Amino acid sequence: MADSSFDIVSKVERQEVDNALNQASREISQRYDFKNVGASIDWSGERIEMRANSEERVKAILDVFQSKLIKRGISLKALDADEPQASGKEYKIFASLQEGISQDNAKKVAKIIRDEGPKGVKAQVQGEELRVTSKNRDDLQSVIALLKGKDLDFALQFVNYR
C-alpha cells in the first residue's frame, strides 16, 4: 500500500482578512469613542495601515481588528503588527501578514516530528511547506495532534491529507 501523507503550510485566506478589515472599519466608523478622531483602517499596498489621533486609540483599532480576525478563524500568529509611530498629529500602526514557513521554522518542525513523533514518520521541506509521510495514517494523526499541542510562533495549517 502507498504511503499516506499531508502537507504543513502557513497560509492566510486573503478574502477572510479583507472581510475582517471591512468589519473592523465599519465598527470603527460607528463607535462613539472613535467619532471625530480620524480613526481609520485600510490596506496600504500589501500592509494594513491603522491611524488615529492618539496612541491609545490606534491600539484600540488594532484590538478591534484582531477580534475580527479571530471571529473569522485567522490565527493572530499570522499578523505581524509594528509599534505605534507618531506621524505629525496622528499615530499609525502598520501590520503585515506572514505567509509561508521559513527554512529555519521548517527545520524546527521537522526536528520536532523526528524527535517526538512516532517512528516511521518522515518530514521533508518543500519550499515554503513541509510534507509529512508515513505508512500508518494513525501516525499522521498523532503528528498533527503533537504539532497542535506545541506553542510555535507561527501559524500552521494541515492540508492535502491523503
# chains A, B, ... in the order shown; residues from 1 in each chain; ligands from 1
>>> closest_atom_pairs(of="region 19-129 of chain A", to="region 142-154 of chain A", cutoff="7 Å", atoms="only C-alpha atoms", output="Markdown table")
| residue | atom | partner | partner_atom | distance |
| --- | --- | --- | --- | --- |
| A:Lys77 | CA | A:Phe154 | CA | 5.2 |
| A:Ala78 | CA | A:Phe154 | CA | 6.4 |
| A:Ile113 | CA | A:Val143 | CA | 6.7 |
| A:Gly117 | CA | A:Val143 | CA | 5.9 |
>>> select_by_dssp(residues="region 25-128 of chain A", states="strand (DSSP E or B)", output="ChimeraX atom specification")
/A:40-44,47-52,79-81,85-87,90-97,122-126
>>> atom_distance(atom1="CA of Asp42 (chain A)", atom2="CA of Val64 (chain A)")
13.2 Å
>>> residues_around(residues="Ser102 (chain A)", least_positions_apart="5", cutoff="10 Å", atoms="only C-alpha atoms", output="list of chain:residue names")
A:Ser10, A:Lys107, A:Lys108, A:Val125, A:Gly127, A:Glu128, A:Glu129, A:Phe154
>>> closest_residue(among="A:Arg26, A:Lys35, A:Lys11, A:Lys135", to="Ile101 (chain A)", atoms="only C-alpha atoms")
A:Lys11
>>> closest_atom_pairs(of="region 27-106 of chain A", to="region 12-16 of chain A", cutoff="9 Å", atoms="only C-alpha atoms", output="Markdown table")
| residue | atom | partner | partner_atom | distance |
| --- | --- | --- | --- | --- |
| A:Leu69 | CA | A:Glu16 | CA | 7.9 |
| A:Arg72 | CA | A:Glu16 | CA | 6.5 |
| A:Gly73 | CA | A:Glu16 | CA | 8.4 |
| A:Ile74 | CA | A:Val12 | CA | 7.2 |
| A:Ser75 | CA | A:Val12 | CA | 8.6 |
| A:Ala78 | CA | A:Val12 | CA | 7.3 |
| A:Leu97 | CA | A:Val12 | CA | 7.6 |
| A:Gln98 | CA | A:Val12 | CA | 7.9 |
| A:Glu99 | CA | A:Val12 | CA | 6.5 |
>>> closest_residue(among="A:Gln141, A:Ile93, A:Lys111, A:Ala60", to="Ile28 (chain A)", atoms="only C-alpha atoms")
A:Ala60
